[in-house]
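Chemist: The structure under discussion is supplied below as structure tokens; questions concerning it will follow.
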Amino acid sequence: MKRIVLAKLGLDGHDVGVRLIGKHLMENGFEVIYLGKRVSTNLIVQAALQEDAAAIGLSCLSGGLGYFATRTLDSLNEQGADIPVLAGGIDEPAELEKMLQAGVGAYFGPGTPIEDIVRAFEDAIADDCSVTPLPQPASTRRRTP
Amino acid sequence: MAVQDANDGRVPIRARYPNSPTDEDPALRAWSDERLAGPGPYRPRFMVYSGLGSPTMTAERLSMLQEVGAESFLLAADLPSQLGFDPDHELAHAQVGRAGVSCATLDDFAEICSRLDLEAADSVGMLANSLGHIGLGMVRSVLRDRDAPQVKVVMQNDPLKEFTARGTEIHTPRQAVRIATDCVAYAIDDDIPGATLTICSNHYDVAGAGPLLAMAFAFGNAIAYMDELLERGYLATDVARKLMFFLNERSDLFVEASVFRSARTLWSEILRDRYGVPTDKQPVATLMGYAHGLESAAEPLVNIPRVTLSVLGSMMGGVDYLCATGYDEALRIPSLDASALAVRTMQVVAYEHGASLTLDPLGGSAKTRDIDDYVQTTVRSELGRLLDNGGPVEAIENGYIAGRIDENRGARQKQISNRERLMVGHTAFEAAAHADLFDGRSSGEIDFLQVEQDAIGRMAKHKQSRDPRAVARSVDELRDVAAGKDNLLPVTIAALRAGATTEEIVKATGEGFAR
């Protein structure tokens, strides 16, 4: 069974989406290891290597998605690990563009259908990263008192 | 009874109508008696939830909003500050100053408040849900230093909801209750005016629970905090005076009003039946709201009438402290014009069109009676189920609360997708080609990378300028107190004054708890 490591980046605590994705990945035959919230990039890379992950899924809605996802990818490259990284959440368009150029396999904005996300993981693991949904405008609220 | 007729037809308008539920329901009667002792219009305090970028930027914005008429200032701190990560921590990157202001030291908070006229302010506070001792410590210290004991505090220091609805939990649920109740105990002991603990239903609603289940969970949390404080020997009436309830409903004007007025009735029942406080001895509940609609990112200006209707709904329900959403909040932290317009929106509803001349203006209508019955019956029943499932703390640990939120999640989206609810400009009267007519002036105003660099620089300077031995001593003492049972506030304030940062205090608190 193919194993996928999921994690929340930075300090964002909104993990409804990533948990939902994990549930759908499991229903589609993957084994999922969710590392939780506020996970450092080092820990994500260590976990992916130890668990022989087939792919890594990263989520952040509060800023820093592009930065932390790129950092994770760089760290994997330094370790000589060729594990696809997919990312979802909200960030500035320029940060998302840089992240995709750096080699992050796919980006999912708010509202992306879950089936598309599951298919993107399947494609990425099959070494076919042709599914790359375009960045969508942030339409979810980020804070409330 | 106050009557006025300053309308074009000289129609007499009463401040309260006799033989209505306002007159008959004990909680509504007590509340309206208290309000009638002062002059109308019967409007809430105009509150702003604001904070962005650096402390200096936030000070400028708060000052401007005060000049426009804001009276209560609830500080929005950024995520690192809310979670106890200083701006130089790895995980804080790209989040410094974004969802709120970077506030990691007592100096930061003093700078944030530096341009507020505290003679004119009603209240000052901040969001510090999982580090309430630090937030209250900062607010208390600055109000003391500015010799402003009359200014009330408005602290959002309700950690239990974080575990299932908002996600900034730091310690365990039981440790979280210790921190929150230490804050209330300190406020009672030191006679600090205002709300030291704002108990929130809002975030449960937004997380997917819907407004009624959310209200039941909030009352459940109130019971958890009350029980702990009574266990420590405090009186229920003293505790109740330090609480405020933050309620929410953003889809129906009349249900929104009912949520507020029903909260008074339900909380009064809880005080009477669970804590044995007769109705005539109960403090009148303080209620807070945050006016929202179903905001659109595509046509931001159209959010203004949506928010106006929500302001009206909560004011008709009898809200005491109100914030209003900026029209561009679906896009970004509200820009300056949006923040000011939100204050003006509340003022117009408070002072024009007779919207706030009468207390509880919907009381007595057949529609309100029916909605009230449903709201109150549902909340009572859901609160009963929560208590049957172990009560608020155990229900976090056994998954009951998360499960109930999951069951309800997505209901709003489904109603919109099925077109049971229409949204102008999206599912009705769509005119995408003309969306630019509704843009407004909202724009990103801040260079966040510069804000982060400045915050890191400020932190380095701060650490160089303080006495490291005094910091170490104060943090050691805090750790010891956290390991025991004494109140955390005095040692937290001492640590802040010695120059300890939020991250250092959070770390020491956790280490003490773990002993």
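Within each chain, counting starts at residue 1; across the structure tokens, chains are named A, B, ... in the order shown, with ligands numbered 1 upward in that order.
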Please return, as a short mmCIF file (atom, residue, chain, number, x, y, z; two decimals) with C-alpha atoms, in the first residue's frame, all residues of chain B lying within 10 Å of chain A when only C-alpha atoms are considered.
Modeler:
data_model
loop_
_atom_site.label_atom_id
_atom_site.label_comp_id
_atom_site.auth_asym_id
_atom_site.auth_seq_id
_atom_site.Cartn_x
_atom_site.Cartn_y
_atom_site.Cartn_z
CA VAL B 48 -13.06 47.35 16.72
CA TYR B 49 -11.13 44.14 16.28
CA SER B 50 -7.97 45.48 14.79
CA LEU B 74 -9.93 44.43 20.89
CA LEU B 75 -6.43 43.78 19.66
CA ALA B 76 -5.92 41.29 16.85
CA ALA B 77 -2.56 39.64 17.48
CA ASP B 78 -0.83 37.63 14.77
CA LEU B 79 -0.72 33.84 14.92
CA PRO B 80 2.81 33.61 16.35
CA GLN B 82 -1.34 33.93 19.87
CA LEU B 83 0.62 30.68 20.00
CA PHE B 85 6.21 31.90 19.18
CA GLU B 90 11.36 29.25 12.50
CA LEU B 91 7.65 28.46 12.44
CA ALA B 92 6.69 32.14 12.68
CA HIS B 93 8.06 32.89 9.23
CA ALA B 94 5.60 34.52 6.82
CA GLN B 95 3.02 34.91 9.59
CA VAL B 96 4.52 37.85 11.47
CA ARG B 98 -0.24 39.22 8.96
CA ALA B 99 -3.42 38.00 10.67
CA GLY B 100 -2.87 40.63 13.36
CA MET B 126 -6.82 41.35 23.20
CA LEU B 127 -7.19 37.85 21.88
CA GLN B 156 -10.96 36.87 24.68
CA GLU B 162 -9.59 26.23 20.59
CA PHE B 163 -9.31 22.44 20.73
CA THR B 164 -12.19 21.79 18.37
CA ALA B 165 -13.09 25.08 16.69
CA ARG B 166 -10.19 27.49 16.30
CA GLY B 167 -6.91 25.63 16.57
CA THR B 168 -4.58 27.76 18.70
CA GLU B 169 -4.48 25.37 21.66
CA CYS B 200 -17.31 32.25 22.40
CA ASN B 202 -18.85 32.30 17.26
CA HIS B 203 -15.98 29.98 16.44
CA VAL B 206 -17.88 29.13 11.90
CA ALA B 207 -16.22 25.72 12.31
CA PHE B 246 -19.59 36.22 22.09
CA GLY B 289 -21.24 40.18 18.51
CA TYR B 290 -19.36 40.50 15.25
CA GLU B 295 -19.29 37.87 2.31
CA SER B 296 -18.24 37.91 -1.31
CA ALA B 297 -14.66 38.26 -2.51
CA ALA B 298 -15.82 38.96 -6.05
CA CYS B 323 -17.72 44.77 15.88
CA THR B 325 -16.79 43.19 9.39
CA ASP B 328 -13.03 43.57 2.08
CA GLU B 329 -12.46 40.99 4.82
CA ALA B 330 -12.98 38.11 2.39
CA LEU B 331 -9.89 39.40 0.59
CA ARG B 332 -7.50 40.56 3.28
CA ILE B 333 -7.15 42.13 6.71
CA ASP B 406 -18.37 17.20 11.76
CA ARG B 409 -20.18 20.84 8.70
#
Chemist: I'd like the interatomic distance between CA of Leu247 in chain B and CA of Met288 in chain B, to a tenth of an Å.
Modeler: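 Interatomic distance, CA of Leu247 in chain B to CA of Met288 in chain B: 6.3 Å.
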